[in-house]
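K.L.:
Take this structure, written in structure tokens, and hold onto it; I'll ask about it next.
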Amino acid sequence: MRYGKEFGVTIDDKHSYRDLGLILTEKDLGKPEAQTNLVSVPLRDGSIDMTETLTNDIRYKDRVIKLTFYYPGHQDTWAAKFSELQNLLNGQKARLVFDDDIAFYYTGRINVNEWQSEGNIGKIVLDIICEPYKYDIASSSAEWLWDPFDFENGIINEGNITVDGTATVYFVGRRKKSYPTITASSNMTVTYDSETFSLKKGVNKMYEIILSEGINELIFKGKGNVTIDYIGGSL
């Protein structure tokens with residue numbers, strides 16, 4: 001992490017330095033703990049692991065992000081700045097985008113901790129209770145942009161497709177299993193994991209299709225345009 005005036009975090013539409021005058025000095029993203037379900041059975045060695053029994057996936061607890069900032073303003077302004085931050089952030093649910101990870105955002109509720117001083121510099125800590133996953137900044141259906149793209153970990157999915165008979169799409173999913181929303185310009189079908197589902201003209205929330213991490217094959221049949229709306233989640 002590069003620290004300094006230009007490297008911080010955007011909280012909703014406010015940048016920590018450019019808008020709030022805070023310099024990010026420490027960032028702890030925490031680690032979401034898996035929600036395990038271990039059942040002890042009498043007269044049996046060890047336990048039975050039922051963590052993935054109900055959902056066929058691992059569920060996670062909240063992630064706690066801790067951010068430490070310095071405020072370089074004069075001591076006479078500290079009380080006003082602390083009040084400003086409490087009014088703006090304390091208890092609010094917000095979206096966070098870090099300058100060193102601009103392809104993703106976190107969602108969480110903010111707690112503004114007490115103000116501390118180190119010499120002539122004010123110090124403040126934010127604790128944010130976040131969802132375990134960070135999410136793609138843009139949906140697969142959005143126009144692809146260079147600026148927020150991560151060339152090391154980024155994924156480009158074709159979310160807008162023309163179907164004229166049959167069209168096969170290979171869709172790359174992230175760690176969080178999630179269903180897509182498919183908008184079709186006419187009635188057609190989509191096949192996923194050997195099962196075929198009907199698509200009506202308009203918006204279709206496809207709860208039956210769970211896109212997993214890696215390559216997912218979707219086969220569309222019909223005639224018209226299709227938009228796949230999917231936002232990936234990564235730990």
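Chain labels follow the order of the structure tokens: the first chain is A, the next B, and so on; residue numbering restarts at 1 in every chain, and ligands are counted from 1 in their shown order.
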What lies within 6 Å of Arg174 (chain A) using only C-alpha atoms, ignoring chain neighbours under 6 positions off, as a PDB file with C-alpha atoms, in the first residue's frame?

P.N.:
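So around_38.pdb came out as:
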ATOM      1  CA  GLU A 213     -15.897 -19.719  -9.704  1.00  0.00           C
ATOM      2  CA  GLY A 232     -18.593 -10.997  -9.059  1.00  0.00           C
ATOM      3  CA  GLY A 233     -17.483 -11.287  -5.439  1.00  0.00           C
TER       4      GLY A 233
END

K.L.:
Report as number ranges by chain all protein, DNA and RNA residues lying within 12 Å of Glu52 (chain A), evaluated on only C-alpha atoms, omitting residues in the same chain fewer than 4 positions from it.

P.N.:
A: 34-38, 48, 56-60

K.L.:
Interatomic distance between CA of Ala80 (chain A) and CA of Arg95 (chain A)?

P.N.:
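It comes out at 24.3 Å.
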
K.L.:
For region 162-165 of chain A, work out the shell of residues within 7 Å, counting only C-alpha atoms and skipping chain neighbours fewer than 6 positions away, then give it as a PDB file with all heavy atoms, in the first residue's frame.

P.N.:
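Writing done, so here's selection09.pdb:
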ATOM      1  N   PHE A 220     -27.557 -20.036 -25.400  1.00  0.00           N
ATOM      2  CA  PHE A 220     -28.827 -19.367 -25.683  1.00  0.00           C
ATOM      3  C   PHE A 220     -29.378 -19.851 -27.022  1.00  0.00           C
ATOM      4  O   PHE A 220     -28.619 -20.030 -27.983  1.00  0.00           O
ATOM      5  CB  PHE A 220     -28.635 -17.854 -25.731  1.00  0.00           C
ATOM      6  CG  PHE A 220     -28.256 -17.257 -24.410  1.00  0.00           C
ATOM      7  CD1 PHE A 220     -26.922 -17.102 -24.046  1.00  0.00           C
ATOM      8  CD2 PHE A 220     -29.234 -16.851 -23.514  1.00  0.00           C
ATOM      9  CE1 PHE A 220     -26.569 -16.549 -22.827  1.00  0.00           C
ATOM     10  CE2 PHE A 220     -28.889 -16.303 -22.281  1.00  0.00           C
ATOM     11  CZ  PHE A 220     -27.558 -16.153 -21.945  1.00  0.00           C
ATOM     12  N   LYS A 221     -30.706 -20.028 -27.070  1.00  0.00           N
ATOM     13  CA  LYS A 221     -31.372 -20.391 -28.322  1.00  0.00           C
ATOM     14  C   LYS A 221     -32.555 -19.467 -28.539  1.00  0.00           C
ATOM     15  O   LYS A 221     -33.361 -19.257 -27.622  1.00  0.00           O
ATOM     16  CB  LYS A 221     -31.828 -21.849 -28.295  1.00  0.00           C
ATOM     17  CG  LYS A 221     -30.691 -22.850 -28.380  1.00  0.00           C
ATOM     18  CD  LYS A 221     -31.199 -24.284 -28.514  1.00  0.00           C
ATOM     19  CE  LYS A 221     -30.034 -25.261 -28.655  1.00  0.00           C
ATOM     20  NZ  LYS A 221     -30.504 -26.657 -28.804  1.00  0.00           N
ATOM     21  N   GLY A 222     -32.631 -18.927 -29.744  1.00  0.00           N
ATOM     22  CA  GLY A 222     -33.703 -17.994 -30.075  1.00  0.00           C
ATOM     23  C   GLY A 222     -33.191 -16.955 -31.032  1.00  0.00           C
ATOM     24  O   GLY A 222     -32.218 -17.173 -31.764  1.00  0.00           O
ATOM     25  N   LYS A 223     -33.824 -15.789 -31.022  1.00  0.00           N
ATOM     26  CA  LYS A 223     -33.404 -14.712 -31.908  1.00  0.00           C
ATOM     27  C   LYS A 223     -33.651 -13.389 -31.191  1.00  0.00           C
ATOM     28  O   LYS A 223     -34.777 -13.094 -30.772  1.00  0.00           O
ATOM     29  CB  LYS A 223     -34.176 -14.746 -33.224  1.00  0.00           C
ATOM     30  CG  LYS A 223     -33.665 -13.748 -34.263  1.00  0.00           C
ATOM     31  CD  LYS A 223     -34.401 -13.914 -35.569  1.00  0.00           C
ATOM     32  CE  LYS A 223     -33.904 -12.940 -36.626  1.00  0.00           C
ATOM     33  NZ  LYS A 223     -32.474 -13.145 -36.970  1.00  0.00           N
ATOM     34  N   GLY A 224     -32.592 -12.611 -31.036  1.00  0.00           N
ATOM     35  CA  GLY A 224     -32.711 -11.327 -30.356  1.00  0.00           C
ATOM     36  C   GLY A 224     -31.443 -10.981 -29.599  1.00  0.00           C
ATOM     37  O   GLY A 224     -30.375 -11.583 -29.812  1.00  0.00           O
ATOM     38  N   ASN A 225     -31.559 -10.024 -28.707  1.00  0.00           N
ATOM     39  CA  ASN A 225     -30.410  -9.564 -27.919  1.00  0.00           C
ATOM     40  C   ASN A 225     -30.577  -9.973 -26.458  1.00  0.00           C
ATOM     41  O   ASN A 225     -31.685  -9.989 -25.921  1.00  0.00           O
ATOM     42  CB  ASN A 225     -30.269  -8.043 -28.015  1.00  0.00           C
ATOM     43  CG  ASN A 225     -29.997  -7.586 -29.433  1.00  0.00           C
ATOM     44  OD1 ASN A 225     -29.204  -8.180 -30.161  1.00  0.00           O
ATOM     45  ND2 ASN A 225     -30.679  -6.530 -29.844  1.00  0.00           N
ATOM     46  N   VAL A 226     -29.448 -10.283 -25.842  1.00  0.00           N
ATOM     47  CA  VAL A 226     -29.449 -10.717 -24.444  1.00  0.00           C
ATOM     48  C   VAL A 226     -28.423  -9.895 -23.674  1.00  0.00           C
ATOM     49  O   VAL A 226     -27.308  -9.650 -24.160  1.00  0.00           O
ATOM     50  CB  VAL A 226     -29.100 -12.221 -24.328  1.00  0.00           C
ATOM     51  CG1 VAL A 226     -28.787 -12.590 -22.883  1.00  0.00           C
ATOM     52  CG2 VAL A 226     -30.236 -13.079 -24.844  1.00  0.00           C
TER      53      VAL A 226
END

K.L.:
Could you tell me, as an MDAnalysis selection string, which residues of region 58-183 of chain A DSSP assigns to alpha helix (DSSP H) when given the backbone?

P.N.:
chainID A and resid 78:89

K.L.:
Only N, CA, C and O atoms, please: the residues just picked out, written as a PDB file, in the first residue's frame.

P.N.:
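Once written, out-v9.pdb looks like this:
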ATOM      1  N   TRP A  78      -9.421  20.629  15.259  1.00  0.00           N
ATOM      2  CA  TRP A  78      -9.635  19.206  15.517  1.00  0.00           C
ATOM      3  C   TRP A  78     -11.070  18.905  15.940  1.00  0.00           C
ATOM      4  O   TRP A  78     -11.685  17.957  15.451  1.00  0.00           O
ATOM      5  N   ALA A  79     -11.600  19.680  16.874  1.00  0.00           N
ATOM      6  CA  ALA A  79     -12.954  19.416  17.369  1.00  0.00           C
ATOM      7  C   ALA A  79     -13.978  19.521  16.237  1.00  0.00           C
ATOM      8  O   ALA A  79     -14.895  18.691  16.126  1.00  0.00           O
ATOM      9  N   ALA A  80     -13.807  20.530  15.392  1.00  0.00           N
ATOM     10  CA  ALA A  80     -14.731  20.709  14.270  1.00  0.00           C
ATOM     11  C   ALA A  80     -14.602  19.561  13.264  1.00  0.00           C
ATOM     12  O   ALA A  80     -15.610  19.078  12.728  1.00  0.00           O
ATOM     13  N   LYS A  81     -13.364  19.124  13.010  1.00  0.00           N
ATOM     14  CA  LYS A  81     -13.150  18.032  12.067  1.00  0.00           C
ATOM     15  C   LYS A  81     -13.750  16.727  12.605  1.00  0.00           C
ATOM     16  O   LYS A  81     -14.391  15.972  11.867  1.00  0.00           O
ATOM     17  N   PHE A  82     -13.558  16.472  13.899  1.00  0.00           N
ATOM     18  CA  PHE A  82     -14.108  15.258  14.494  1.00  0.00           C
ATOM     19  C   PHE A  82     -15.634  15.266  14.403  1.00  0.00           C
ATOM     20  O   PHE A  82     -16.267  14.257  14.075  1.00  0.00           O
ATOM     21  N   SER A  83     -16.249  16.402  14.675  1.00  0.00           N
ATOM     22  CA  SER A  83     -17.702  16.525  14.574  1.00  0.00           C
ATOM     23  C   SER A  83     -18.159  16.328  13.131  1.00  0.00           C
ATOM     24  O   SER A  83     -19.166  15.661  12.865  1.00  0.00           O
ATOM     25  N   GLU A  84     -17.405  16.894  12.195  1.00  0.00           N
ATOM     26  CA  GLU A  84     -17.736  16.741  10.770  1.00  0.00           C
ATOM     27  C   GLU A  84     -17.740  15.270  10.366  1.00  0.00           C
ATOM     28  O   GLU A  84     -18.667  14.799   9.683  1.00  0.00           O
ATOM     29  N   LEU A  85     -16.711  14.529  10.804  1.00  0.00           N
ATOM     30  CA  LEU A  85     -16.603  13.118  10.433  1.00  0.00           C
ATOM     31  C   LEU A  85     -17.698  12.277  11.082  1.00  0.00           C
ATOM     32  O   LEU A  85     -18.233  11.355  10.467  1.00  0.00           O
ATOM     33  N   GLN A  86     -18.046  12.600  12.322  1.00  0.00           N
ATOM     34  CA  GLN A  86     -19.117  11.862  12.979  1.00  0.00           C
ATOM     35  C   GLN A  86     -20.455  12.092  12.266  1.00  0.00           C
ATOM     36  O   GLN A  86     -21.221  11.153  12.030  1.00  0.00           O
ATOM     37  N   ASN A  87     -20.725  13.345  11.926  1.00  0.00           N
ATOM     38  CA  ASN A  87     -21.974  13.654  11.221  1.00  0.00           C
ATOM     39  C   ASN A  87     -22.044  12.984   9.859  1.00  0.00           C
ATOM     40  O   ASN A  87     -23.104  12.538   9.410  1.00  0.00           O
ATOM     41  N   LEU A  88     -20.900  12.929   9.180  1.00  0.00           N
ATOM     42  CA  LEU A  88     -20.861  12.403   7.825  1.00  0.00           C
ATOM     43  C   LEU A  88     -20.843  10.878   7.782  1.00  0.00           C
ATOM     44  O   LEU A  88     -21.512  10.269   6.932  1.00  0.00           O
ATOM     45  N   LEU A  89     -20.086  10.258   8.717  1.00  0.00           N
ATOM     46  CA  LEU A  89     -19.785   8.835   8.578  1.00  0.00           C
ATOM     47  C   LEU A  89     -20.324   7.929   9.671  1.00  0.00           C
ATOM     48  O   LEU A  89     -20.639   6.765   9.400  1.00  0.00           O
TER      49      LEU A  89
END

K.L.:
Could you tell me, as an NGL selection string, which residues of region 84-204 of chain A DSSP assigns to strand (DSSP E) when given the backbone?

P.N.:
:A and (93-98 or 104-112 or 116-118 or 121-130 or 134-136 or 160-173 or 181-184 or 188-192 or 195-199 or 202-204)

K.L.:
Excluding Leu126 (chain A) and any residue of its chain fewer than 2 positions from it, enumerate the residues within 6 Å of it, using only C-alpha atoms, and give them as a ChimeraX atom specification.

P.N.:
/A:66-67,111-113

K.L.:
Keeping N, CA and C atoms, export the residues of the selection given above as a PDB file, in the first residue's frame.

P.N.:
ATOM      1  N   LYS A  66     -10.270  -1.960   9.398  1.00  0.00           N
ATOM      2  CA  LYS A  66      -9.816  -0.910  10.307  1.00  0.00           C
ATOM      3  C   LYS A  66      -8.892   0.035   9.540  1.00  0.00           C
ATOM      4  N   LEU A  67      -9.266   1.317   9.519  1.00  0.00           N
ATOM      5  CA  LEU A  67      -8.495   2.328   8.791  1.00  0.00           C
ATOM      6  C   LEU A  67      -8.027   3.400   9.767  1.00  0.00           C
ATOM      7  N   ASN A 111     -18.029   2.849  11.979  1.00  0.00           N
ATOM      8  CA  ASN A 111     -17.962   3.358  13.344  1.00  0.00           C
ATOM      9  C   ASN A 111     -16.762   4.297  13.438  1.00  0.00           C
ATOM     10  N   VAL A 112     -17.015   5.564  13.790  1.00  0.00           N
ATOM     11  CA  VAL A 112     -15.931   6.535  13.954  1.00  0.00           C
ATOM     12  C   VAL A 112     -15.435   6.449  15.397  1.00  0.00           C
ATOM     13  N   ASN A 113     -14.193   5.981  15.575  1.00  0.00           N
ATOM     14  CA  ASN A 113     -13.632   5.841  16.915  1.00  0.00           C
ATOM     15  C   ASN A 113     -13.215   7.195  17.483  1.00  0.00           C
TER      16      ASN A 113
END

K.L.:
Could you jot down the CA of Ala103 (chain A) to CA of Asp19 (chain A) separation for me, Å, one decimal place?

P.N.:
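Computing the Euclidean distance for CA of Ala103 (chain A) and CA of Asp19 (chain A) yields 20.8 Å.
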
K.L.:
Suppose you want the space between CA of Glu26 (chain A) and CA of Arg175 (chain A); what is it in Å?

P.N.:
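About the pair CA of Glu26 (chain A) and CA of Arg175 (chain A): they are 26.7 Å apart.
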